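The data block below is model_9.pdb; it holds PDB, C-alpha atoms.
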```pdb
ATOM      1  CA  MET A   1      25.315 -14.796  16.312  1.00  0.00           C
ATOM      2  CA  VAL A   2      22.016 -13.268  17.389  1.00  0.00           C
ATOM      3  CA  GLY A   3      19.298 -11.508  15.398  1.00  0.00           C
ATOM      4  CA  GLY A   4      19.176  -8.428  17.638  1.00  0.00           C
ATOM      5  CA  ILE A   5      19.597  -7.444  21.279  1.00  0.00           C
ATOM      6  CA  SER A   6      16.931  -5.610  23.251  1.00  0.00           C
ATOM      7  CA  LEU A   7      18.043  -4.114  26.530  1.00  0.00           C
ATOM      8  CA  GLY A   8      15.321  -3.019  28.954  1.00  0.00           C
ATOM      9  CA  SER A   9      11.644  -2.308  28.410  1.00  0.00           C
ATOM     10  CA  SER A  10       9.401   0.682  27.911  1.00  0.00           C
ATOM     11  CA  ASN A  11       7.364   0.003  31.082  1.00  0.00           C
ATOM     12  CA  GLY A  12       9.067   2.719  33.146  1.00  0.00           C
ATOM     13  CA  SER A  13      11.637   0.509  34.848  1.00  0.00           C
ATOM     14  CA  ILE A  14      15.153   1.821  35.447  1.00  0.00           C
ATOM     15  CA  MET A  15      18.101  -0.348  34.465  1.00  0.00           C
ATOM     16  CA  THR A  16      21.534   0.388  35.918  1.00  0.00           C
ATOM     17  CA  GLU A  17      25.061  -0.935  35.441  1.00  0.00           C
ATOM     18  CA  ASN A  18      24.487  -2.795  32.161  1.00  0.00           C
ATOM     19  CA  ASP A  19      27.111  -4.244  29.849  1.00  0.00           C
ATOM     20  CA  VAL A  20      26.366  -5.428  26.321  1.00  0.00           C
ATOM     21  CA  TYR A  21      29.651  -6.730  25.010  1.00  0.00           C
ATOM     22  CA  GLU A  22      31.358  -9.046  22.517  1.00  0.00           C
ATOM     23  CA  ASN A  23      28.213 -10.061  20.633  1.00  0.00           C
ATOM     24  CA  LYS A  24      27.838 -10.728  16.940  1.00  0.00           C
ATOM     25  CA  VAL A  25      24.506  -9.272  15.797  1.00  0.00           C
ATOM     26  CA  SER A  26      23.208  -9.561  12.243  1.00  0.00           C
ATOM     27  CA  TRP A  27      20.150  -9.351   9.967  1.00  0.00           C
ATOM     28  CA  CYS A  28      17.708  -7.381  12.110  1.00  0.00           C
ATOM     29  CA  TYR A  29      16.347  -3.811  12.202  1.00  0.00           C
ATOM     30  CA  ASP A  30      17.967  -2.392  15.365  1.00  0.00           C
ATOM     31  CA  GLY A  31      21.159  -4.304  16.087  1.00  0.00           C
ATOM     32  CA  ILE A  32      21.267  -3.239  19.742  1.00  0.00           C
ATOM     33  CA  ASP A  33      18.110  -1.568  21.030  1.00  0.00           C
ATOM     34  CA  ALA A  34      18.446   0.052  24.478  1.00  0.00           C
ATOM     35  CA  LEU A  35      14.860   0.593  25.616  1.00  0.00           C
ATOM     36  CA  GLY A  36      13.633   2.396  28.691  1.00  0.00           C
ATOM     37  CA  GLU A  37      15.648   4.354  31.188  1.00  0.00           C
ATOM     38  CA  GLN A  38      19.298   3.329  31.180  1.00  0.00           C
ATOM     39  CA  ARG A  39      21.843   4.440  33.781  1.00  0.00           C
ATOM     40  CA  ASN A  40      25.562   3.781  33.357  1.00  0.00           C
ATOM     41  CA  THR A  41      25.186   1.451  30.381  1.00  0.00           C
ATOM     42  CA  ARG A  42      28.216   0.250  28.416  1.00  0.00           C
ATOM     43  CA  ILE A  43      27.935  -1.156  24.885  1.00  0.00           C
ATOM     44  CA  TRP A  44      31.329  -2.356  23.711  1.00  0.00           C
ATOM     45  CA  GLY A  45      33.210  -4.807  21.525  1.00  0.00           C
ATOM     46  CA  ASN A  46      30.148  -5.803  19.469  1.00  0.00           C
ATOM     47  CA  ASP A  47      30.049  -6.698  15.764  1.00  0.00           C
ATOM     48  CA  VAL A  48      26.802  -5.451  14.191  1.00  0.00           C
ATOM     49  CA  GLY A  49      26.159  -6.145  10.504  1.00  0.00           C
ATOM     50  CA  HIS A  50      23.414  -6.120   7.887  1.00  0.00           C
ATOM     51  CA  CYS A  51      21.079  -3.959   9.983  1.00  0.00           C
ATOM     52  CA  PRO A  52      19.702  -0.496   9.092  1.00  0.00           C
ATOM     53  CA  VAL A  53      20.398   0.689  12.664  1.00  0.00           C
ATOM     54  CA  GLY A  54      23.510  -0.289  14.605  1.00  0.00           C
ATOM     55  CA  THR A  55      22.555   0.928  18.103  1.00  0.00           C
ATOM     56  CA  SER A  56      19.267   2.608  19.029  1.00  0.00           C
ATOM     57  CA  LEU A  57      18.995   4.942  22.027  1.00  0.00           C
ATOM     58  CA  ILE A  58      15.622   6.576  21.416  1.00  0.00           C
ATOM     59  CA  TRP A  59      14.411   6.996  24.994  1.00  0.00           C
ATOM     60  CA  ARG A  60      15.097  10.327  26.667  1.00  0.00           C
ATOM     61  CA  GLU A  61      16.447   9.262  30.055  1.00  0.00           C
ATOM     62  CA  GLN A  62      19.759   7.623  29.259  1.00  0.00           C
ATOM     63  CA  LYS A  63      22.736   8.894  31.179  1.00  0.00           C
ATOM     64  CA  PRO A  64      25.481   8.080  30.862  1.00  0.00           C
ATOM     65  CA  VAL A  65      25.753   5.567  28.014  1.00  0.00           C
ATOM     66  CA  TYR A  66      29.186   4.532  26.733  1.00  0.00           C
ATOM     67  CA  ILE A  67      29.401   3.061  23.223  1.00  0.00           C
ATOM     68  CA  PHE A  68      32.959   2.126  22.324  1.00  0.00           C
ATOM     69  CA  ARG A  69      35.068  -0.226  20.202  1.00  0.00           C
ATOM     70  CA  ASN A  70      32.132  -1.639  18.234  1.00  0.00           C
ATOM     71  CA  VAL A  71      32.202  -2.469  14.534  1.00  0.00           C
ATOM     72  CA  TYR A  72      29.133  -1.547  12.451  1.00  0.00           C
ATOM     73  CA  HIS A  73      29.310  -2.902   8.901  1.00  0.00           C
ATOM     74  CA  HIS A  74      27.069  -3.474   5.884  1.00  0.00           C
ATOM     75  CA  LEU A  75      24.474  -1.043   7.254  1.00  0.00           C
ATOM     76  CA  ASP A  76      21.583  -1.634   4.860  1.00  0.00           C
ATOM     77  CA  GLN A  77      18.798   0.730   3.849  1.00  0.00           C
ATOM     78  CA  ARG A  78      15.275  -0.234   4.836  1.00  0.00           C
ATOM     79  CA  LYS A  79      12.793  -0.081   1.965  1.00  0.00           C
ATOM     80  CA  ASN A  80       9.240   1.243   2.241  1.00  0.00           C
ATOM     81  CA  TYR A  81       7.194  -1.504   0.606  1.00  0.00           C
ATOM     82  CA  ARG A  82       3.762  -0.705   2.084  1.00  0.00           C
ATOM     83  CA  ASP A  83       3.621   3.121   1.968  1.00  0.00           C
ATOM     84  CA  ASP A  84       4.434   3.302   5.673  1.00  0.00           C
ATOM     85  CA  LEU A  85       3.815   6.875   6.880  1.00  0.00           C
ATOM     86  CA  ASN A  86       6.823   6.636   9.206  1.00  0.00           C
ATOM     87  CA  PHE A  87       9.161   6.738   6.225  1.00  0.00           C
ATOM     88  CA  GLN A  88       9.835  10.461   6.073  1.00  0.00           C
ATOM     89  CA  ASP A  89      12.910  12.380   5.113  1.00  0.00           C
ATOM     90  CA  CYS A  90      14.372  15.365   6.959  1.00  0.00           C
ATOM     91  CA  ASN A  91      11.720  17.625   5.403  1.00  0.00           C
ATOM     92  CA  ASN A  92       8.879  15.406   6.731  1.00  0.00           C
ATOM     93  CA  THR A  93       7.864  14.259   3.275  1.00  0.00           C
ATOM     94  CA  ALA A  94       7.167  10.621   2.427  1.00  0.00           C
ATOM     95  CA  THR A  95      10.082   8.664   1.016  1.00  0.00           C
ATOM     96  CA  HIS A  96      10.615   5.147  -0.317  1.00  0.00           C
ATOM     97  CA  GLN A  97      13.586   4.301   1.886  1.00  0.00           C
ATOM     98  CA  SER A  98      15.020   4.825   5.327  1.00  0.00           C
ATOM     99  CA  TRP A  99      18.714   5.580   5.484  1.00  0.00           C
ATOM    100  CA  SER A 100      20.994   3.486   7.622  1.00  0.00           C
ATOM    101  CA  THR A 101      22.808   4.788  10.682  1.00  0.00           C
ATOM    102  CA  ALA A 102      25.231   3.423  13.233  1.00  0.00           C
ATOM    103  CA  LEU A 103      23.598   5.397  16.065  1.00  0.00           C
ATOM    104  CA  LYS A 104      19.888   6.300  16.263  1.00  0.00           C
ATOM    105  CA  LEU A 105      18.930   8.951  18.808  1.00  0.00           C
ATOM    106  CA  ASN A 106      15.723  10.658  19.859  1.00  0.00           C
ATOM    107  CA  ALA A 107      16.404  14.277  19.000  1.00  0.00           C
ATOM    108  CA  GLY A 108      13.743  15.629  21.364  1.00  0.00           C
ATOM    109  CA  THR A 109      13.453  19.411  21.588  1.00  0.00           C
ATOM    110  CA  GLU A 110      15.846  22.224  22.372  1.00  0.00           C
ATOM    111  CA  THR A 111      14.538  22.381  25.962  1.00  0.00           C
ATOM    112  CA  ASP A 112      15.121  18.677  26.693  1.00  0.00           C
ATOM    113  CA  PRO A 113      18.088  17.967  28.969  1.00  0.00           C
ATOM    114  CA  ASN A 114      21.212  16.758  27.227  1.00  0.00           C
ATOM    115  CA  ASP A 115      21.914  13.084  27.733  1.00  0.00           C
ATOM    116  CA  LEU A 116      25.442  11.890  28.335  1.00  0.00           C
ATOM    117  CA  ILE A 117      26.186   9.628  25.386  1.00  0.00           C
ATOM    118  CA  TYR A 118      29.792   8.789  24.583  1.00  0.00           C
ATOM    119  CA  PHE A 119      30.356   7.294  21.094  1.00  0.00           C
ATOM    120  CA  ILE A 120      34.104   6.614  21.123  1.00  0.00           C
ATOM    121  CA  HIS A 121      36.479   4.581  18.908  1.00  0.00           C
ATOM    122  CA  ASN A 122      33.824   2.793  16.852  1.00  0.00           C
ATOM    123  CA  THR A 123      34.308   1.620  13.266  1.00  0.00           C
ATOM    124  CA  VAL A 124      31.489   2.225  10.788  1.00  0.00           C
ATOM    125  CA  HIS A 125      31.225   0.815   7.239  1.00  0.00           C
ATOM    126  CA  SER A 126      28.252   1.446   4.960  1.00  0.00           C
ATOM    127  CA  MET A 127      26.875  -0.439   1.978  1.00  0.00           C
ATOM    128  CA  ASN A 128      28.228   2.202  -0.448  1.00  0.00           C
ATOM    129  CA  HIS A 129      30.339   0.261  -2.947  1.00  0.00           C
ATOM    130  CA  SER A 130      31.927   3.362  -4.477  1.00  0.00           C
ATOM    131  CA  PRO A 131      33.613   5.014  -1.512  1.00  0.00           C
ATOM    132  CA  SER A 132      34.080   8.750  -1.487  1.00  0.00           C
ATOM    133  CA  THR A 133      36.735  10.778   0.228  1.00  0.00           C
ATOM    134  CA  TYR A 134      35.683  14.040   1.842  1.00  0.00           C
ATOM    135  CA  ILE A 135      38.178  16.850   2.388  1.00  0.00           C
ATOM    136  CA  PHE A 136      37.344  19.267   5.211  1.00  0.00           C
ATOM    137  CA  ASP A 137      38.595  22.764   5.994  1.00  0.00           C
ATOM    138  CA  ALA A 138      39.488  24.058   9.481  1.00  0.00           C
ATOM    139  CA  ASN A 139      35.770  24.708  10.210  1.00  0.00           C
ATOM    140  CA  MET A 140      34.861  21.099   9.331  1.00  0.00           C
ATOM    141  CA  GLU A 141      33.088  22.203   6.145  1.00  0.00           C
ATOM    142  CA  ILE A 142      33.380  19.872   3.117  1.00  0.00           C
ATOM    143  CA  VAL A 143      35.577  21.604   0.537  1.00  0.00           C
ATOM    144  CA  ALA A 144      36.063  18.726  -1.939  1.00  0.00           C
ATOM    145  CA  THR A 145      34.812  15.229  -2.691  1.00  0.00           C
ATOM    146  CA  THR A 146      36.611  12.511  -4.649  1.00  0.00           C
ATOM    147  CA  GLN A 147      35.525   9.076  -5.816  1.00  0.00           C
TER     148      GLN A 147
END
```
Please rewrite the model in this file as structure tokens.
Amino acid sequence: MVGGISLGSSNGSIMTENDVYENKVSWCYDGIDALGEQRNTRIWGNDVGHCPVGTSLIWREQKPVYIFRNVYHHLDQRKNYRDDLNFQDCNNTATHQSWSTALKLNAGTETDPNDLIYFIHNTVHSMNHSPSTYIFDANMEIVATTQ
């Protein structure tokens, strides 16, 4: 078990043909953090738990990246204990917590090129102890929720 995996660096180097596989990652912020420019990277068969972020791909030049057959579980929220200005919600207002996510991406702008990221056959469990069931219509709109 490792406390987080960092792949690459932000110094402008290009990494190609990378495999991050069959690791057990737990109790860190970004479970698997792919930094820098990644080309043909495969992240597969990993078990990531007790982290707010399962896999982070926040750099713009990542193509293609394949993320498949990983298990993300017990994705915890990160609390804002020191009034960190980076804790903002979708409306850019300060918040006391950061929500957990299995996949963190840099959204960029509408004019940025689309990266080739394949997130296929992964299992994601959250910390929610009262699971809800969502019922969708043909347009993938939520029409009902049960608990």
Taking (34.8, 3.1, 13.5) in the file's coordinates as the center, which residues reach within 8 Å of it, counting all atoms listed in the file, put as a PDB file with C-alpha atoms, in the frame of the given file?
```pdb
ATOM      1  CA  ARG A  69      35.068  -0.226  20.202  1.00  0.00           C
ATOM      2  CA  ASN A  70      32.132  -1.639  18.234  1.00  0.00           C
ATOM      3  CA  VAL A  71      32.202  -2.469  14.534  1.00  0.00           C
ATOM      4  CA  TYR A  72      29.133  -1.547  12.451  1.00  0.00           C
ATOM      5  CA  HIS A 121      36.479   4.581  18.908  1.00  0.00           C
ATOM      6  CA  ASN A 122      33.824   2.793  16.852  1.00  0.00           C
ATOM      7  CA  THR A 123      34.308   1.620  13.266  1.00  0.00           C
ATOM      8  CA  VAL A 124      31.489   2.225  10.788  1.00  0.00           C
ATOM      9  CA  HIS A 125      31.225   0.815   7.239  1.00  0.00           C
TER      10      HIS A 125
END
```
Query - Nearby residues (only C-alpha atoms) at most 7 Å from Phe119 in chain A, same-chain spacing under 2 positions excluded, as a ChimeraX atom specification - result: /A:66-68,117
Report task. Would you mind telling me which residue in A:Arg39, A:Trp44, A:Gly49, A:Thr55 lies nearest to Ser6 in chain A when using all atoms listed in the file? Result ->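 Checking each of A:Arg39, A:Trp44, A:Gly49, A:Thr55 against Ser6 in chain A, counting all atoms listed in the file, the winner is A:Thr55.
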Requested in this report: Give me, please, the distance in Å between CA of Leu7 in chain A and CA of Thr101 in chain A, quoted to one decimal.
Outcome: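 Separating CA of Leu7 in chain A from CA of Thr101 in chain A is a distance of 18.8 Å.
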Query raised in the report: Got a sec: who's within 9 Å of Thr16 in chain A, counting all atoms listed in the file, leaving out chain neighbours fewer than 4 positions off, as a list in words?
Result: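 The neighbour list is Glu37, Gln38, Arg39, Asn40 and Thr41 of chain A.
Atom pair CA of His74 in chain A / CA of Ile32 in chain A: separated by 15.0 Å.
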